[in-house]
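Written below as structure tokens is the structure these notes are about.
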Amino acid sequence: MSWPPLREELRGLEPYGAPQLDVPVQLNVNENPYGPSTAVVADVATAVAEAATTLNRYPDREFSELRAALADYLSRDTPHGIVPEQVWAANGSNEVMLQLLQAFGGPGRCALSFAPTYSMYPEYARDTMTPWVQGHRETDFSLDLDHAQALIEEHRPSVVLLPSPNNPTGTALPPEAVTRLCEAAAGYEPGGIVVVDEAYGEFRRAGTSSALELLPSHRNLVVSRTMSKAFALAGARVGYLAAASEICDAIRVVRLPYHLSAVTQAVALAALRHAPELLGRVDQLRLERDETVAWLRGRGLEVADTDANFALFGTFPDRHAVWQGLLDRGVLIREVGPDGWLRVSIGTADEMTTFRDALTAVMGADGTATEEGTR
Ligand SMILES: *Cc1c(COP(=O)(O)O)cnc(C)c1O
């Protein structure tokens, strides 16, 4: 028998993670390229110094102040408002979603999503010993609602994971889709929760509504958000959700004691006070995204419609060669998604210029031009 005595199904598996390489242009993990201003840095530092004076004590287990601040922030995206009892937070929305699987998944139940999608979802299921069911997306990466509904009715999942916009494709989910799938998951006993993962929600195109608006209509709807992307706070590890208060109460049963450190709470609160500044570049990133998409299409490439701060483009007969060619020119993107596709995060205007120049050089240089006639 092999040592250490790892669970059978985990043997030989690699931990999840994009390469963290020290290159000039990092467009691989959908971060906000703009760092905090000196004013934000100063306010965060003051908040941390204040938290440090009581670090001998455990933090507020209920993170009440932070929940109230997050509820306020979310209330801007729904006419119905969000109250603190509807909010839960953890160390990144990855932890929030793992907690959801811990509370609502488990052996004898199942969780469901539609591929291609975020590759962490099946890992939450595996780690909580929840059987995993995977449906598919259409060739334009949208959801066929008849297929989705039929799959939910067939498998009766206790958790459905629906990112909107989807990663790595950027595809947003229309509100009618959320409604239909929430109803499908409410159609059996005891019903399943539907998690709309809006990690990139703030980047959605004007006129696209947030699933937050639907919360009063569906007691099984959970909307997950993060401070890691639009909010430019990936390093702080803060994710959160809004849902019916019974769902937040259920998560409380599985969370570790004092899971959100006093430092994390202080940093998140300080950052939320600066929301307008931290989110100030979102419009600019949206514009840069739309320009990047148009430029890629102008080069004859296929690009998935995107409501996020990244674009999935292709297709390449040897995508790894293109990825490597870009890396050789100091540009790191992500080799992810269906075969032949690559994903680029939207950076600053300068970074995108470097990306375009590098891609032009790579595509012109060798046999890495697009596949003729694909899609
Ligand atoms: C980046 C991302 C998240 C956020 O992860 P954090 O743990 O909050 O940093 C969640 N869902 C998807 C689909 C993502 O791409």
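By order in the structure tokens, chains are A, B, ...; within a chain, residues start at 1; ligands start at 1, following the order shown.
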For the interface of stretch 13-124 of chain A with stretch 248-262 of chain A (cut-off 12 Å, counting only C-alpha atoms), please tabulate each contacting residue of stretch 13-124 of chain A alongside its nearest pair of atoms and their separation in Å to one decimal, rows sorted by chain and increasing number, as a tab-separated table.
```
residue	atom	partner	partner_atom	distance
A:Ala47	CA	A:Ala262	CA	10.1
A:Val48	CA	A:Ala262	CA	8.4
A:Ala49	CA	A:Ala262	CA	10.9
A:Glu50	CA	A:Ala262	CA	10.0
A:Ala51	CA	A:Ala262	CA	6.3
A:Ala52	CA	A:Ala262	CA	8.2
A:Thr53	CA	A:Ala262	CA	10.5
A:Thr54	CA	A:Ala262	CA	8.7
A:Leu55	CA	A:Ala262	CA	7.4
A:Asn56	CA	A:Ala262	CA	10.4
A:Arg57	CA	A:Ala262	CA	9.1
A:Tyr58	CA	A:Tyr258	CA	6.8
A:Pro59	CA	A:Ala262	CA	4.9
A:Asp60	CA	A:Tyr258	CA	7.1
A:Arg61	CA	A:Tyr258	CA	4.8
A:Glu62	CA	A:Tyr258	CA	8.1
A:Phe63	CA	A:Leu260	CA	7.6
A:Ser64	CA	A:Leu260	CA	11.3
A:Glu65	CA	A:Ala262	CA	11.4
A:Leu66	CA	A:Leu260	CA	10.3
A:Arg67	CA	A:Cys248	CA	11.3
A:Val83	CA	A:Cys248	CA	11.9
A:Pro84	CA	A:Cys248	CA	10.2
A:Glu85	CA	A:Cys248	CA	7.4
A:Gln86	CA	A:Cys248	CA	6.6
A:Val87	CA	A:Cys248	CA	6.9
A:Trp88	CA	A:Cys248	CA	6.0
A:Ala89	CA	A:Leu260	CA	8.0
A:Ala90	CA	A:Leu260	CA	6.1
A:Asn91	CA	A:Leu260	CA	6.6
A:Gly92	CA	A:Leu260	CA	10.1
A:Glu95	CA	A:Arg255	CA	9.5
A:Val96	CA	A:Ile251	CA	8.8
A:Met97	CA	A:Ile251	CA	10.0
A:Leu98	CA	A:Arg255	CA	9.8
A:Gln99	CA	A:Ile251	CA	6.3
A:Leu100	CA	A:Ile251	CA	6.5
A:Leu101	CA	A:Ile251	CA	9.4
A:Gln102	CA	A:Val254	CA	6.7
A:Ala103	CA	A:Ile251	CA	5.9
A:Phe104	CA	A:Ala250	CA	8.5
A:Gly105	CA	A:Ile251	CA	11.6
```
Please write the residues from the selection above to a file, keeping N, CA and C atoms, as a compact mmCIF listing (two decimals), in the first residue's frame.
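Below you can see part-v5.txt, which holds the result:
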```txt
# COMPACT_ATOMS: atom_id res chain seq x y z
N ALA A 47 -6.78 50.00 9.14
CA ALA A 47 -7.78 49.03 9.63
C ALA A 47 -7.09 47.78 10.18
N VAL A 48 -6.03 47.34 9.52
CA VAL A 48 -5.30 46.16 9.98
C VAL A 48 -4.59 46.47 11.30
N ALA A 49 -4.01 47.67 11.41
CA ALA A 49 -3.33 48.06 12.65
C ALA A 49 -4.31 48.05 13.82
N GLU A 50 -5.52 48.53 13.55
CA GLU A 50 -6.53 48.55 14.61
C GLU A 50 -6.93 47.13 15.00
N ALA A 51 -7.13 46.28 13.98
CA ALA A 51 -7.47 44.88 14.26
C ALA A 51 -6.36 44.20 15.06
N ALA A 52 -5.11 44.62 14.80
CA ALA A 52 -3.96 43.98 15.45
C ALA A 52 -3.95 44.19 16.96
N THR A 53 -4.60 45.25 17.42
CA THR A 53 -4.58 45.53 18.86
C THR A 53 -5.38 44.49 19.65
N THR A 54 -6.25 43.74 18.98
CA THR A 54 -7.04 42.72 19.71
C THR A 54 -6.84 41.32 19.12
N LEU A 55 -5.67 41.10 18.52
CA LEU A 55 -5.45 39.79 17.88
C LEU A 55 -5.29 38.65 18.89
N ASN A 56 -5.19 38.96 20.18
CA ASN A 56 -5.19 37.88 21.18
C ASN A 56 -6.57 37.26 21.32
N ARG A 57 -7.61 37.96 20.83
CA ARG A 57 -8.98 37.46 20.91
C ARG A 57 -9.41 36.86 19.58
N TYR A 58 -10.31 35.88 19.63
CA TYR A 58 -10.92 35.37 18.41
C TYR A 58 -11.76 36.49 17.78
N PRO A 59 -11.90 36.43 16.45
CA PRO A 59 -12.69 37.47 15.77
C PRO A 59 -14.20 37.27 15.99
N ASP A 60 -14.98 38.26 15.56
CA ASP A 60 -16.44 38.15 15.59
C ASP A 60 -16.84 36.99 14.67
N ARG A 61 -17.33 35.93 15.30
CA ARG A 61 -17.66 34.70 14.56
C ARG A 61 -18.75 34.96 13.52
N GLU A 62 -19.61 35.92 13.83
CA GLU A 62 -20.73 36.21 12.92
C GLU A 62 -20.40 37.32 11.93
N PHE A 63 -19.19 37.87 12.02
CA PHE A 63 -18.74 38.97 11.13
C PHE A 63 -19.89 39.93 10.80
N SER A 64 -20.57 40.40 11.85
CA SER A 64 -21.80 41.17 11.68
C SER A 64 -21.61 42.45 10.90
N GLU A 65 -20.51 43.15 11.20
CA GLU A 65 -20.29 44.43 10.52
C GLU A 65 -20.07 44.18 9.03
N LEU A 66 -19.29 43.15 8.72
CA LEU A 66 -19.01 42.84 7.32
C LEU A 66 -20.28 42.40 6.58
N ARG A 67 -21.10 41.59 7.24
CA ARG A 67 -22.34 41.16 6.58
C ARG A 67 -23.22 42.36 6.26
N VAL A 83 -30.78 42.01 3.11
CA VAL A 83 -30.53 42.29 4.53
C VAL A 83 -29.37 41.41 5.03
N PRO A 84 -28.70 41.82 6.12
CA PRO A 84 -27.51 41.07 6.59
C PRO A 84 -27.79 39.58 6.84
N GLU A 85 -29.00 39.23 7.27
CA GLU A 85 -29.33 37.82 7.54
C GLU A 85 -29.30 36.97 6.28
N GLN A 86 -29.35 37.64 5.13
CA GLN A 86 -29.31 36.90 3.85
C GLN A 86 -27.89 36.73 3.33
N VAL A 87 -26.91 37.24 4.06
CA VAL A 87 -25.54 37.25 3.55
C VAL A 87 -24.66 36.29 4.34
N TRP A 88 -23.80 35.59 3.62
CA TRP A 88 -22.78 34.74 4.24
C TRP A 88 -21.46 35.03 3.55
N ALA A 89 -20.34 34.93 4.26
CA ALA A 89 -19.04 35.19 3.62
C ALA A 89 -18.02 34.16 4.10
N ALA A 90 -16.97 33.98 3.32
CA ALA A 90 -15.89 33.06 3.69
C ALA A 90 -14.63 33.47 2.94
N ASN A 91 -13.60 32.64 3.08
CA ASN A 91 -12.30 32.95 2.49
C ASN A 91 -12.31 32.65 0.99
N GLY A 92 -12.88 33.56 0.24
CA GLY A 92 -13.04 33.35 -1.20
C GLY A 92 -14.36 32.65 -1.46
N GLU A 95 -14.44 28.92 -0.95
CA GLU A 95 -14.80 28.35 0.34
C GLU A 95 -16.32 28.40 0.55
N VAL A 96 -16.94 29.49 0.10
CA VAL A 96 -18.40 29.59 0.23
C VAL A 96 -19.06 28.39 -0.46
N MET A 97 -18.59 28.08 -1.67
CA MET A 97 -19.24 27.00 -2.43
C MET A 97 -18.90 25.62 -1.85
N LEU A 98 -17.68 25.47 -1.32
CA LEU A 98 -17.35 24.21 -0.65
C LEU A 98 -18.27 24.01 0.56
N GLN A 99 -18.50 25.10 1.32
CA GLN A 99 -19.40 25.01 2.47
C GLN A 99 -20.82 24.63 2.03
N LEU A 100 -21.25 25.16 0.88
CA LEU A 100 -22.58 24.79 0.37
C LEU A 100 -22.65 23.29 0.09
N LEU A 101 -21.57 22.76 -0.51
CA LEU A 101 -21.55 21.31 -0.78
C LEU A 101 -21.46 20.51 0.52
N GLN A 102 -20.73 21.04 1.51
CA GLN A 102 -20.65 20.35 2.81
C GLN A 102 -22.02 20.28 3.46
N ALA A 103 -22.78 21.36 3.32
CA ALA A 103 -24.09 21.42 3.98
C ALA A 103 -25.17 20.69 3.18
N PHE A 104 -25.13 20.83 1.86
CA PHE A 104 -26.25 20.34 1.05
C PHE A 104 -25.90 19.14 0.17
N GLY A 105 -24.61 18.81 0.06
CA GLY A 105 -24.22 17.65 -0.75
C GLY A 105 -24.03 16.43 0.13
```
Around ligand 1, at most 9 Å away and counting only C-alpha atoms and all ligand atoms, which residues are there? Put them as a ChimeraX atom specification, please.
/A:29-31,90-97,117-121,162-168,197-200,224-229,233-240
Please build the interface table for stretch 291-319 of chain A against stretch 139-142 of chain A with a cut-off of 10 Å, listing for each qualifying residue the nearest atom pair and the distance in Å to one decimal; count only C-alpha atoms, order rows by chain and increasing number, and write it as a tab-separated table.
```
residue	atom	partner	partner_atom	distance
A:Val303	CA	A:Asp140	CA	9.6
A:Ala304	CA	A:Asp140	CA	6.9
A:Asp305	CA	A:Asp140	CA	8.2
```
Keeping only N, CA and C atoms, write those residues as a PDB file, in the first residue's frame.
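part_19.pdb was written with the following content:
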```pdb
ATOM      1  N   VAL A 303     -14.448  33.824 -31.208  1.00  0.00           N
ATOM      2  CA  VAL A 303     -14.425  34.294 -29.823  1.00  0.00           C
ATOM      3  C   VAL A 303     -15.822  34.092 -29.237  1.00  0.00           C
ATOM      4  N   ALA A 304     -15.890  33.489 -28.067  1.00  0.00           N
ATOM      5  CA  ALA A 304     -17.192  33.295 -27.416  1.00  0.00           C
ATOM      6  C   ALA A 304     -17.694  34.647 -26.912  1.00  0.00           C
ATOM      7  N   ASP A 305     -18.998  34.907 -27.077  1.00  0.00           N
ATOM      8  CA  ASP A 305     -19.586  36.134 -26.519  1.00  0.00           C
ATOM      9  C   ASP A 305     -19.304  36.179 -25.031  1.00  0.00           C
TER      10      ASP A 305
END
```
Restrict the calculation to only C-alpha atoms, then for each residue of stretch 124-152 of chain A with any atom at most 12 Å from an atom of stretch 7-22 of chain A give the closest atom pair and their distance in Å to one decimal, rows by chain and rising residue number, as CSV.
```
residue,atom,partner,partner_atom,distance
A:Tyr124,CA,A:Tyr16,CA,11.4
A:Arg126,CA,A:Glu9,CA,8.5
A:Asp127,CA,A:Leu10,CA,9.0
A:Met129,CA,A:Glu9,CA,10.0
```
Quick one: write out the picked residues with C-alpha atoms as a PDB file, in the first residue's frame?
```pdb
ATOM      1  CA  TYR A 124     -15.980  20.528  -4.297  1.00  0.00           C
ATOM      2  CA  ARG A 126     -15.229  15.062  -4.836  1.00  0.00           C
ATOM      3  CA  ASP A 127     -13.989  16.572  -1.573  1.00  0.00           C
ATOM      4  CA  MET A 129     -18.058  12.828  -1.411  1.00  0.00           C
TER       5      MET A 129
END
```
Determine, for each residue of stretch 198-242 of chain A having at least one atom at most 12 Å from an atom of stretch 145-159 of chain A, the closest pair of atoms and their separation in Å to one decimal, counting only C-alpha atoms; order by chain and ascending number, as a Markdown table.
```
| residue | atom | partner | partner_atom | distance |
| --- | --- | --- | --- | --- |
| A:Asn220 | CA | A:Val159 | CA | 9.6 |
| A:Leu221 | CA | A:Val159 | CA | 10.2 |
| A:Val222 | CA | A:Val159 | CA | 10.1 |
```
Residues from the last selection, N, CA, C and O atoms, saved as an mmCIF file, in the first residue's frame:
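Generated file (out.cif):
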```cif
data_model
loop_
_atom_site.group_PDB
_atom_site.id
_atom_site.type_symbol
_atom_site.label_atom_id
_atom_site.label_comp_id
_atom_site.auth_asym_id
_atom_site.auth_seq_id
_atom_site.Cartn_x
_atom_site.Cartn_y
_atom_site.Cartn_z
ATOM 1 N N ASN A 220 -34.959 28.646 -3.083
ATOM 2 C CA ASN A 220 -33.806 27.747 -3.285
ATOM 3 C C ASN A 220 -32.678 28.407 -4.086
ATOM 4 O O ASN A 220 -31.714 27.750 -4.449
ATOM 5 N N LEU A 221 -32.783 29.710 -4.338
ATOM 6 C CA LEU A 221 -31.743 30.390 -5.120
ATOM 7 C C LEU A 221 -30.639 30.942 -4.213
ATOM 8 O O LEU A 221 -30.922 31.548 -3.174
ATOM 9 N N VAL A 222 -29.403 30.715 -4.620
ATOM 10 C CA VAL A 222 -28.230 31.257 -3.923
ATOM 11 C C VAL A 222 -27.421 32.037 -4.951
ATOM 12 O O VAL A 222 -27.131 31.515 -6.028
#
```
